[in-house]
$ cat entry11.cif   # mmCIF, C-alpha atoms
data_entry
loop_
_atom_site.label_atom_id
_atom_site.label_comp_id
_atom_site.auth_asym_id
_atom_site.auth_seq_id
_atom_site.Cartn_x
_atom_site.Cartn_y
_atom_site.Cartn_z
CA MET A 1 -10.48 23.85 -68.18
CA CYS A 2 -9.27 22.34 -71.43
CA CYS A 3 -5.66 21.51 -71.99
CA VAL A 4 -2.88 20.22 -74.21
CA PRO A 5 -0.29 18.58 -72.00
CA ASP A 6 3.40 18.69 -71.27
CA LEU A 7 5.06 22.09 -71.31
CA ASN A 8 7.06 23.44 -68.43
CA TYR A 9 6.65 27.04 -69.47
CA MET A 10 3.09 27.29 -70.71
CA LYS A 11 0.75 29.77 -72.31
CA ILE A 12 -2.29 29.81 -70.04
CA ALA A 13 -5.42 31.60 -71.23
CA ILE A 14 -7.76 32.67 -68.44
CA LEU A 15 -11.04 33.52 -70.17
CA GLY A 16 -13.16 35.86 -68.12
CA GLY A 17 -9.92 36.48 -66.26
CA THR A 18 -10.85 39.98 -65.12
CA GLY A 19 -12.85 38.56 -62.20
CA ASP A 20 -11.33 37.81 -58.85
CA ILE A 21 -10.82 34.07 -59.30
CA GLY A 22 -9.00 34.77 -62.60
CA GLU A 23 -6.88 37.35 -60.82
CA GLY A 24 -5.92 34.84 -58.14
CA PHE A 25 -4.64 32.27 -60.60
CA ALA A 26 -2.93 34.86 -62.79
CA LEU A 27 -1.01 36.18 -59.78
CA ASN A 28 -0.01 32.68 -58.69
CA TRP A 29 0.97 31.30 -62.10
CA ALA A 30 2.65 34.39 -63.59
CA GLU A 31 5.97 33.50 -62.03
CA ARG A 32 6.40 30.47 -64.28
CA HIS A 33 4.02 30.89 -67.20
CA LYS A 34 2.77 33.33 -69.83
CA ILE A 35 -0.68 34.40 -68.69
CA ARG A 36 -3.18 35.57 -71.31
CA ILE A 37 -6.16 37.26 -69.67
CA GLY A 38 -9.26 37.12 -71.88
CA SER A 39 -12.35 39.29 -71.72
CA ARG A 40 -15.19 40.19 -74.06
CA LYS A 41 -13.47 43.51 -74.69
CA SER A 42 -9.70 43.50 -75.04
CA GLU A 43 -9.38 46.90 -73.30
CA LYS A 44 -10.94 45.48 -70.14
CA ALA A 45 -8.48 42.56 -70.21
CA GLU A 46 -5.57 44.92 -70.81
CA GLY A 47 -6.62 47.08 -67.87
CA ALA A 48 -6.89 44.06 -65.60
CA SER A 49 -3.50 42.75 -66.74
CA ASP A 50 -1.90 46.10 -65.91
CA ARG A 51 -3.39 45.94 -62.41
CA TYR A 52 -2.20 42.35 -61.87
CA ASN A 53 1.32 43.24 -63.00
CA ASP A 54 1.28 46.18 -60.58
CA THR A 55 0.17 43.88 -57.76
CA LEU A 56 3.05 41.52 -58.45
CA THR A 57 5.52 44.39 -58.56
CA LEU A 58 4.21 45.70 -55.24
CA ALA A 59 4.46 42.21 -53.74
CA ASN A 60 8.08 42.07 -54.89
CA GLN A 61 7.42 38.96 -56.94
CA GLU A 62 10.17 38.25 -59.41
CA LEU A 63 8.10 38.09 -62.56
CA LYS A 64 9.59 35.55 -64.96
CA GLY A 65 6.45 35.16 -67.04
CA GLU A 66 4.12 37.89 -68.11
CA ILE A 67 0.45 38.81 -67.86
CA ARG A 68 -1.19 40.28 -70.94
CA GLY A 69 -4.77 41.11 -71.90
CA PHE A 70 -6.72 40.16 -75.04
CA ASP A 71 -10.25 39.53 -76.21
CA ASN A 72 -11.30 36.00 -75.30
CA ARG A 73 -10.78 34.50 -78.76
CA THR A 74 -7.28 35.93 -79.14
CA ALA A 75 -6.35 34.90 -75.62
CA ALA A 76 -7.39 31.31 -76.33
CA GLU A 77 -5.61 31.01 -79.68
CA GLY A 78 -2.36 29.12 -79.41
CA SER A 79 -2.68 28.63 -75.66
CA ASP A 80 -1.60 25.38 -74.02
CA VAL A 81 -4.24 25.56 -71.32
CA ILE A 82 -7.58 27.36 -71.48
CA MET A 83 -9.15 28.16 -68.15
CA LEU A 84 -12.80 29.19 -68.01
CA THR A 85 -13.55 31.53 -65.12
CA VAL A 86 -16.59 33.31 -66.51
CA PRO A 87 -19.74 33.77 -64.44
CA HIS A 88 -22.08 30.91 -65.16
CA GLU A 89 -24.61 32.97 -67.02
CA HIS A 90 -22.01 34.46 -69.38
CA VAL A 91 -20.39 31.35 -70.78
CA SER A 92 -22.34 31.91 -74.00
CA GLY A 93 -20.05 34.84 -74.76
CA VAL A 94 -16.99 32.60 -74.51
CA ILE A 95 -17.83 29.28 -76.08
CA ASP A 96 -19.76 30.22 -79.19
CA THR A 97 -22.92 28.20 -78.93
CA VAL A 98 -23.04 27.47 -75.20
CA ARG A 99 -26.17 27.84 -73.12
CA PRO A 100 -25.97 29.11 -69.52
CA VAL A 101 -23.87 26.70 -67.43
CA LEU A 102 -22.59 26.05 -63.94
CA PRO A 103 -26.15 26.20 -62.97
CA MET A 104 -27.02 27.82 -59.70
CA SER A 105 -30.10 29.75 -58.62
CA LYS A 106 -31.11 31.55 -55.47
CA LYS A 107 -34.46 32.09 -53.82
CA GLU A 108 -34.20 31.70 -50.07
CA TYR A 109 -31.10 29.52 -50.43
CA PHE A 110 -28.56 28.90 -53.17
CA GLU A 111 -29.43 25.79 -55.14
CA TYR A 112 -27.59 23.66 -57.67
CA THR A 113 -29.68 23.26 -60.82
CA PRO A 114 -27.67 21.02 -63.14
CA PRO A 115 -28.22 20.74 -66.89
CA ALA A 116 -29.48 17.57 -68.61
CA GLN A 117 -25.90 16.31 -69.10
CA GLY A 118 -25.52 16.08 -65.31
CA SER A 119 -23.09 18.97 -64.75
CA ALA A 120 -21.78 22.10 -66.43
CA ALA A 121 -18.46 20.37 -67.06
CA GLU A 122 -20.13 17.49 -68.89
CA GLU A 123 -22.27 19.96 -70.84
CA ILE A 124 -19.18 21.85 -72.01
CA GLN A 125 -17.35 18.61 -72.86
CA ALA A 126 -20.27 17.55 -75.06
CA MET A 127 -19.85 20.76 -77.09
CA LEU A 128 -16.10 20.49 -77.65
CA PRO A 129 -14.08 18.49 -80.19
CA ASP A 130 -12.90 15.10 -78.94
CA ASP A 131 -9.27 16.18 -78.53
CA LEU A 132 -10.15 18.97 -76.08
CA HIS A 133 -10.54 17.53 -72.60
CA VAL A 134 -12.50 19.32 -69.90
CA ILE A 135 -11.07 19.12 -66.41
CA ALA A 136 -13.30 20.50 -63.63
CA ALA A 137 -11.60 22.13 -60.65
CA TYR A 138 -11.40 25.17 -58.39
CA HIS A 139 -15.08 25.21 -57.38
CA THR A 140 -14.42 25.54 -53.65
CA ILE A 141 -11.68 28.14 -53.47
CA ALA A 142 -12.34 31.47 -51.81
CA SER A 143 -11.02 33.80 -54.49
CA LYS A 144 -10.27 36.64 -52.08
CA ARG A 145 -7.97 34.41 -50.10
CA LEU A 146 -6.31 33.12 -53.25
CA CYS A 147 -5.68 36.68 -54.45
CA SER A 148 -4.22 37.67 -51.10
CA LEU A 149 -1.12 35.56 -51.81
CA ASP A 150 -1.21 34.84 -48.06
CA PRO A 151 0.93 31.75 -47.41
CA ALA A 152 -1.03 30.98 -44.23
CA PHE A 153 -4.09 30.14 -46.29
CA ARG A 154 -4.24 26.48 -47.33
CA CYS A 155 -7.12 24.66 -48.93
CA ASP A 156 -7.82 21.66 -51.14
CA VAL A 157 -8.76 21.56 -54.82
CA LEU A 158 -10.96 18.72 -56.03
CA VAL A 159 -10.00 17.87 -59.61
CA CYS A 160 -12.08 15.63 -61.85
CA GLY A 161 -11.94 14.64 -65.51
CA ASP A 162 -11.74 11.69 -67.87
CA ASP A 163 -8.39 12.34 -69.58
CA ARG A 164 -5.47 11.26 -67.42
CA GLN A 165 -2.82 13.51 -69.03
CA SER A 166 -4.99 16.61 -68.84
CA LYS A 167 -5.93 15.89 -65.26
CA ASP A 168 -2.28 15.43 -64.30
CA LEU A 169 -1.44 18.75 -65.93
CA VAL A 170 -4.11 20.55 -63.88
CA ILE A 171 -2.87 18.77 -60.76
CA ASP A 172 0.70 19.93 -61.54
CA LEU A 173 -0.46 23.51 -62.15
CA THR A 174 -2.39 23.45 -58.88
CA ASN A 175 0.68 22.21 -57.04
CA GLU A 176 2.50 25.32 -58.27
CA VAL A 177 0.17 27.45 -56.14
CA ASP A 178 1.61 27.24 -52.63
CA CYS A 179 -1.68 27.49 -50.79
CA LEU A 180 -3.48 24.78 -52.78
CA ARG A 181 -3.38 20.99 -52.52
CA PRO A 182 -4.86 19.20 -55.55
CA LEU A 183 -6.80 15.97 -54.96
CA ASP A 184 -7.92 13.60 -57.70
CA ALA A 185 -11.71 13.42 -57.36
CA GLY A 186 -12.32 10.90 -60.16
CA PRO A 187 -14.10 11.08 -63.51
CA LEU A 188 -15.79 14.10 -65.09
CA ALA A 189 -19.13 12.75 -63.86
CA ALA A 190 -17.97 13.61 -60.33
CA ALA A 191 -18.39 17.26 -61.34
CA ARG A 192 -22.06 16.82 -60.38
CA THR A 193 -21.07 16.71 -56.75
CA ILE A 194 -18.15 19.11 -56.93
CA GLU A 195 -20.09 21.84 -58.75
CA SER A 196 -22.84 21.62 -56.14
CA LEU A 197 -20.29 22.46 -53.45
CA THR A 198 -20.27 26.09 -54.64
CA PRO A 199 -23.91 26.82 -53.70
CA MET A 200 -23.38 24.70 -50.56
CA LEU A 201 -20.47 26.92 -49.48
CA LEU A 202 -22.51 30.05 -50.22
CA ASN A 203 -25.32 28.73 -48.00
CA LEU A 204 -22.84 27.84 -45.25
CA ALA A 205 -21.40 31.35 -45.44
CA MET A 206 -24.84 32.95 -45.29
CA LEU A 207 -26.26 30.77 -42.50
CA ASN A 208 -23.18 30.57 -40.27
CA ARG A 209 -21.60 33.98 -40.89
CA LEU A 210 -18.49 32.45 -42.43
CA LYS A 211 -16.34 34.68 -44.59
CA ASP A 212 -15.01 33.34 -47.89
CA PRO A 213 -15.35 29.66 -46.94
CA SER A 214 -13.21 26.99 -48.61
CA ILE A 215 -12.91 23.23 -48.13
CA LYS A 216 -10.18 21.16 -46.59
CA ILE A 217 -10.16 17.36 -46.62
CA LEU A 218 -8.74 16.02 -43.37
CA MET B 1 -32.53 11.74 -37.77
CA CYS B 2 -35.98 12.55 -36.44
CA CYS B 3 -36.50 14.39 -33.22
CA VAL B 4 -38.78 15.84 -30.59
CA PRO B 5 -37.13 18.95 -29.15
CA ASP B 6 -36.10 20.40 -25.84
CA LEU B 7 -34.77 17.98 -23.24
CA ASN B 8 -31.44 18.40 -21.57
CA TYR B 9 -31.13 14.78 -20.62
CA MET B 10 -32.50 12.89 -23.58
CA LYS B 11 -33.26 9.36 -24.67
CA ILE B 12 -31.41 8.95 -27.93
CA ALA B 13 -32.15 5.86 -30.03
CA ILE B 14 -29.37 4.93 -32.44
CA LEU B 15 -30.94 2.47 -34.88
CA GLY B 16 -28.38 0.27 -36.54
CA GLY B 17 -26.15 1.46 -33.73
CA THR B 18 -23.91 -1.60 -33.73
CA GLY B 19 -21.89 -0.16 -36.64
CA ASP B 20 -18.90 2.08 -36.14
CA ILE B 21 -20.64 5.41 -36.71
CA GLY B 22 -23.28 4.45 -34.16
CA GLU B 23 -20.53 3.49 -31.77
CA GLY B 24 -18.84 6.86 -32.20
CA PHE B 25 -21.95 8.82 -31.29
CA ALA B 26 -22.92 6.49 -28.43
CA LEU B 27 -19.48 6.97 -26.87
CA ASN B 28 -19.65 10.74 -27.24
CA TRP B 29 -23.23 11.23 -26.06
CA ALA B 30 -23.37 8.67 -23.23
CA GLU B 31 -21.95 11.15 -20.76
CA ARG B 32 -25.09 13.28 -20.83
CA HIS B 33 -27.84 11.13 -22.32
CA LYS B 34 -29.51 7.74 -22.19
CA ILE B 35 -28.37 5.89 -25.28
CA ARG B 36 -30.60 3.16 -26.71
CA ILE B 37 -28.71 1.09 -29.29
CA GLY B 38 -31.08 -0.58 -31.77
CA SER B 39 -30.41 -3.56 -33.99
CA ARG B 40 -32.52 -6.09 -35.89
CA LYS B 41 -31.75 -8.59 -33.12
CA SER B 42 -31.76 -7.32 -29.56
CA GLU B 43 -28.90 -9.68 -28.57
CA LYS B 44 -26.61 -8.00 -31.09
CA ALA B 45 -27.51 -4.58 -29.70
CA GLU B 46 -26.98 -5.78 -26.14
CA GLY B 47 -23.55 -7.17 -27.04
CA ALA B 48 -22.57 -3.90 -28.71
CA SER B 49 -23.80 -1.88 -25.73
CA ASP B 50 -21.68 -3.99 -23.37
CA ARG B 51 -18.63 -3.31 -25.53
CA TYR B 52 -19.31 0.45 -25.63
CA ASN B 53 -19.74 0.59 -21.86
CA ASP B 54 -16.43 -1.26 -21.49
CA THR B 55 -14.74 1.22 -23.81
CA LEU B 56 -15.98 4.14 -21.72
CA THR B 57 -14.83 2.47 -18.51
CA LEU B 58 -11.39 1.86 -20.00
CA ALA B 59 -11.24 5.49 -21.17
CA ASN B 60 -12.05 6.59 -17.61
CA GLN B 61 -15.13 8.43 -18.76
CA GLU B 62 -17.43 9.32 -15.93
CA LEU B 63 -20.60 7.71 -17.24
CA LYS B 64 -23.60 9.74 -16.18
CA GLY B 65 -25.96 8.31 -18.76
CA GLU B 66 -26.16 4.74 -19.89
CA ILE B 67 -25.91 2.68 -23.04
CA ARG B 68 -28.40 -0.15 -23.49
CA GLY B 69 -29.29 -2.47 -26.36
CA PHE B 70 -32.72 -3.32 -27.81
CA ASP B 71 -34.34 -4.41 -31.04
CA ASN B 72 -34.84 -1.39 -33.31
CA ARG B 73 -38.55 -0.96 -32.58
CA THR B 74 -38.10 -1.06 -28.80
CA ALA B 75 -35.11 1.27 -28.99
CA ALA B 76 -37.16 3.83 -30.92
CA GLU B 77 -40.24 3.70 -28.67
CA GLY B 78 -40.38 6.62 -26.30
CA SER B 79 -37.08 8.11 -27.51
CA ASP B 80 -36.64 11.86 -27.86
CA VAL B 81 -34.30 11.57 -30.81
CA ILE B 82 -34.09 8.73 -33.30
CA MET B 83 -30.84 8.47 -35.20
CA LEU B 84 -30.65 6.30 -38.30
CA THR B 85 -27.18 4.87 -38.85
CA VAL B 86 -28.09 1.77 -40.85
CA PRO B 87 -26.27 0.87 -44.05
CA HIS B 88 -28.15 2.32 -46.97
CA GLU B 89 -29.34 -1.00 -48.30
CA HIS B 90 -30.79 -2.07 -44.95
CA VAL B 91 -33.08 0.83 -44.11
CA SER B 92 -36.01 -1.37 -45.09
CA GLY B 93 -35.50 -3.33 -41.90
CA VAL B 94 -35.81 -0.18 -39.80
CA ILE B 95 -38.54 1.95 -41.33
CA ASP B 96 -41.20 -0.55 -42.23
CA THR B 97 -41.95 0.17 -45.84
CA VAL B 98 -38.76 1.92 -46.93
CA ARG B 99 -36.97 1.10 -50.12
CA PRO B 100 -33.18 1.18 -50.31
CA VAL B 101 -31.90 4.70 -49.50
CA LEU B 102 -28.77 6.77 -49.22
CA PRO B 103 -28.13 5.67 -52.69
CA MET B 104 -24.59 4.94 -53.63
CA SER B 105 -23.16 2.47 -56.12
CA LYS B 106 -19.66 1.49 -57.14
CA LYS B 107 -18.22 0.32 -60.42
CA GLU B 108 -14.85 1.92 -61.07
CA TYR B 109 -15.71 4.84 -58.78
CA PHE B 110 -18.26 5.44 -56.06
CA GLU B 111 -21.29 7.25 -57.44
CA TYR B 112 -24.27 9.03 -55.87
CA THR B 113 -27.50 7.64 -57.31
CA PRO B 114 -30.29 9.62 -55.64
CA PRO B 115 -33.93 8.51 -55.50
CA ALA B 116 -36.76 10.32 -57.29
CA GLN B 117 -37.37 12.55 -54.25
CA GLY B 118 -33.92 14.06 -54.73
CA SER B 119 -32.15 12.58 -51.70
CA ALA B 120 -32.48 9.78 -49.17
CA ALA B 121 -33.42 12.31 -46.49
CA GLU B 122 -36.30 13.67 -48.55
CA GLU B 123 -37.37 10.12 -49.39
CA ILE B 124 -37.53 9.21 -45.69
CA GLN B 125 -39.33 12.45 -44.83
CA ALA B 126 -42.00 11.64 -47.41
CA MET B 127 -42.69 8.34 -45.61
CA LEU B 128 -43.01 9.78 -42.11
CA PRO B 129 -45.93 11.48 -40.34
CA ASP B 130 -45.89 15.28 -40.54
CA ASP B 131 -44.81 15.77 -36.93
CA LEU B 132 -41.60 13.76 -37.37
CA HIS B 133 -38.92 15.94 -38.89
CA VAL B 134 -35.93 14.50 -40.71
CA ILE B 135 -32.64 16.26 -40.15
CA ALA B 136 -29.76 15.10 -42.35
CA ALA B 137 -26.25 15.22 -40.88
CA TYR B 138 -23.03 13.30 -40.22
CA HIS B 139 -22.37 12.25 -43.82
CA THR B 140 -18.76 13.35 -43.86
CA ILE B 141 -17.41 12.10 -40.56
CA ALA B 142 -14.73 9.45 -40.45
CA SER B 143 -16.26 7.06 -37.94
CA LYS B 144 -12.93 5.57 -36.88
CA ARG B 145 -11.71 8.97 -35.84
CA LEU B 146 -14.96 9.73 -34.06
CA CYS B 147 -14.74 6.45 -32.12
CA SER B 148 -11.14 7.15 -31.13
CA LEU B 149 -12.31 9.92 -28.77
CA ASP B 150 -9.11 11.67 -29.86
CA PRO B 151 -9.45 15.36 -28.96
CA ALA B 152 -6.93 16.33 -31.66
CA PHE B 153 -9.40 15.32 -34.35
CA ARG B 154 -11.71 18.16 -35.40
CA CYS B 155 -14.09 18.22 -38.32
CA ASP B 156 -17.27 19.92 -39.44
CA VAL B 157 -20.80 18.53 -39.60
CA LEU B 158 -23.13 19.85 -42.28
CA VAL B 159 -26.69 19.84 -40.93
CA CYS B 160 -29.76 20.37 -43.10
CA GLY B 161 -33.51 20.16 -42.54
CA ASP B 162 -36.74 22.11 -42.79
CA ASP B 163 -37.83 22.21 -39.12
CA ARG B 164 -35.95 24.88 -37.19
CA GLN B 165 -36.40 23.37 -33.69
CA SER B 166 -35.32 19.91 -34.78
CA LYS B 167 -32.32 21.32 -36.60
CA ASP B 168 -31.28 23.35 -33.56
CA LEU B 169 -31.53 20.22 -31.42
CA VAL B 170 -29.20 18.30 -33.76
CA ILE B 171 -26.84 21.27 -33.80
CA ASP B 172 -26.83 21.31 -29.98
CA LEU B 173 -26.21 17.56 -29.80
CA THR B 174 -23.36 17.92 -32.27
CA ASN B 175 -21.84 20.68 -30.19
CA GLU B 176 -21.69 18.25 -27.27
CA VAL B 177 -19.15 16.19 -29.22
CA ASP B 178 -15.86 17.97 -28.65
CA CYS B 179 -14.32 17.12 -32.00
CA LEU B 180 -17.31 18.23 -34.11
CA ARG B 181 -18.44 21.69 -35.25
CA PRO B 182 -22.01 21.80 -36.57
CA LEU B 183 -22.79 24.10 -39.50
CA ASP B 184 -26.28 24.94 -40.71
CA ALA B 185 -26.35 23.84 -44.36
CA GLY B 186 -29.89 24.97 -45.11
CA PRO B 187 -33.09 23.13 -46.05
CA LEU B 188 -33.61 19.38 -46.35
CA ALA B 189 -33.24 19.76 -50.13
CA ALA B 190 -29.55 20.50 -49.49
CA ALA B 191 -29.22 16.81 -48.56
CA ARG B 192 -28.79 16.18 -52.30
CA THR B 193 -25.38 17.75 -52.16
CA ILE B 194 -24.43 16.65 -48.66
CA GLU B 195 -25.29 12.99 -49.24
CA SER B 196 -23.19 13.00 -52.40
CA LEU B 197 -20.17 14.00 -50.31
CA THR B 198 -19.96 10.46 -48.92
CA PRO B 199 -19.13 8.78 -52.26
CA MET B 200 -16.94 11.82 -53.06
CA LEU B 201 -14.88 11.25 -49.91
CA LEU B 202 -14.61 7.53 -50.68
CA ASN B 203 -13.26 8.36 -54.14
CA LEU B 204 -10.82 10.89 -52.68
CA ALA B 205 -9.60 8.26 -50.22
CA MET B 206 -9.18 5.66 -52.95
CA LEU B 207 -7.49 7.94 -55.51
CA ASN B 208 -5.25 9.91 -53.16
CA ARG B 209 -4.45 7.28 -50.51
CA LEU B 210 -6.17 9.28 -47.79
CA LYS B 211 -7.20 7.41 -44.65
CA ASP B 212 -10.64 8.07 -43.16
CA PRO B 213 -11.13 11.49 -44.81
CA SER B 214 -13.45 14.09 -43.32
CA ILE B 215 -14.34 17.65 -44.29
CA LYS B 216 -13.43 20.93 -42.70
CA ILE B 217 -14.81 24.26 -43.87
CA LEU B 218 -12.16 26.96 -43.65
#
$ encode --input "entry11.cif" --output "structure tokens"
Amino acid sequence: MCCVPDLNYMKIAILGGTGDIGEGFALNWAERHKIRIGSRKSEKAEGASDRYNDTLTLANQELKGEIRGFDNRTAAEGSDVIMLTVPHEHVSGVIDTVRPVLPMSKKEYFEYTPPAQGSAAEEIQAMLPDDLHVIAAYHTIASKRLCSLDPAFRCDVLVCGDDRQSKDLVIDLTNEVDCLRPLDAGPLAAARTIESLTPMLLNLAMLNRLKDPSIKIL
Amino acid sequence: MCCVPDLNYMKIAILGGTGDIGEGFALNWAERHKIRIGSRKSEKAEGASDRYNDTLTLANQELKGEIRGFDNRTAAEGSDVIMLTVPHEHVSGVIDTVRPVLPMSKKEYFEYTPPAQGSAAEEIQAMLPDDLHVIAAYHTIASKRLCSLDPAFRCDVLVCGDDRQSKDLVIDLTNEVDCLRPLDAGPLAAARTIESLTPMLLNLAMLNRLKDPSIKIL
């Protein structure tokens, strides 16, 4: 996630936002912000946006913002916050020259296979201009639960990054989602641990018959 | 943790067991097992054992097993399960030729600095005979809460290792502690992630003013 700080009513681009984790954040943030769903094809993003708006209408949410669909580039242009929710192997379609990131493989078990920079977040930061700050977060959220808008579901979000203002903005945005508690997890280098929690949770689900596991810090 | 399987009433050596995490497990397991606290000096282990027995008496625990103190080598001899709870920099005193393990450093933040083998658990396994199986667990437990014997405290234990029988034994032992739920976290290679949760929790505590944080999988 890359961000420009300090707007109450923000334009938030969710690139790859047609997947279920993008849907979850769109539904939660639409009340207060303009959501710009991005996809490789604008029609797919427009279709997803229509569905999300329908979901909000059905849930009787009073929609102050709006959810609209665009191709990824258009969605990102002029946005205050850009959220990357693409599958790890498809980041190349979103950031022009990127290699595959958030590196995870599966043979018998899911395994974290980080890039040379230490983590996907650090890899992406290395490819961006200096004034765009990557904040890594939302690796341990069960997207189905997030999408459910169920207030009984509560979990923690581990947020790491090197730019204080950008990190605070992500923490504020996370606080807007009722079921999430943001926790400052330190510098961007901490993404090495936090990214590896995703394959860990997938293994825990597989080996212990857990459904959509998330993490809570007691 | 290295173990020989399949005894209901076991001899459990807790090497470095004079620290607070060793205390927590001794108190919880003493009801059903013979606990052998190990320390570099037997007097220190004997003193700790006396204190633990006093704690159990004060807590009105019906003590079916016993807690006794020895030097590390004596404690380990003839034990069914050997638990390593030494500080990472002192493992060399316990396993003869070991270099510093469970690798963590701190400058501004706590950082996981794994050995060449990938994790401390894999490093220890490489130094042991083939019939001794390392199981990695208990990295995310707040020892103070464990020692409190407070039934309101509940957290999860991520258990990983390559030997099925040994892993099942650790899972069974963990189930005996009321406040802990064991979860199978996969092969010993998963220790890379699970060990890095310790510095992550320390950072979360420091940055978010959390006291004795543990992990729960929802």
$ closest_residue --input "entry11.cif" --among "A:Ala137, A:Asn203, A:Lys11, A:Asp80" --to "Lys107 of chain A" --atoms "all atoms listed in the file"
A:Asn203
$ resolve_selection --input "entry11.cif" --expression "the PyMOL selection byres ((chain A) within 6 of (chain B))" --output "ChimeraX atom specification"
/A:185,204,213-218
$ closest_residue --input "entry11.cif" --among "B:Pro103, B:Met83, B:Leu27, B:Ala136" --to "Leu58 of chain B" --atoms "all atoms listed in the file"
B:Leu27
$ atom_distance --input "entry11.cif" --atom1 "atom CA of Glu23 of chain B" --atom2 "atom CA of Pro114 of chain B"
26.5 Å
$ atom_distance --input "entry11.cif" --atom1 "atom CA of Val134 of chain B" --atom2 "atom CA of Ile12 of chain B"
14.6 Å
$ resolve_selection --input "entry11.cif" --expression "the PyMOL selection byres ((chain B and resi 162) around 7)" --output "VMD selection string"
chain B and resid 161 163 to 164 187 to 188
$ atom_distance --input "entry11.cif" --atom1 "atom CA of Ile135 of chain B" --atom2 "atom CA of Lys167 of chain B"
6.2 Å
$ residues_around --input "entry11.cif" --residues "Arg181 of chain A" --least-positions-apart "3" --cutoff "7 Å" --atoms "only C-alpha atoms" --output "list in words"
Cys155, Asp156, Val157, Thr174 and Asn175 of chain A
$ axis_aligned_box --input "entry11.cif" --around "segment 35-51 of chain A" --padding-each-side "5 Å" --output "JSON"
{"center_x": -7.9, "center_y": 40.7, "center_z": -68.7, "size_x": 24.5, "size_y": 22.7, "size_z": 22.6}
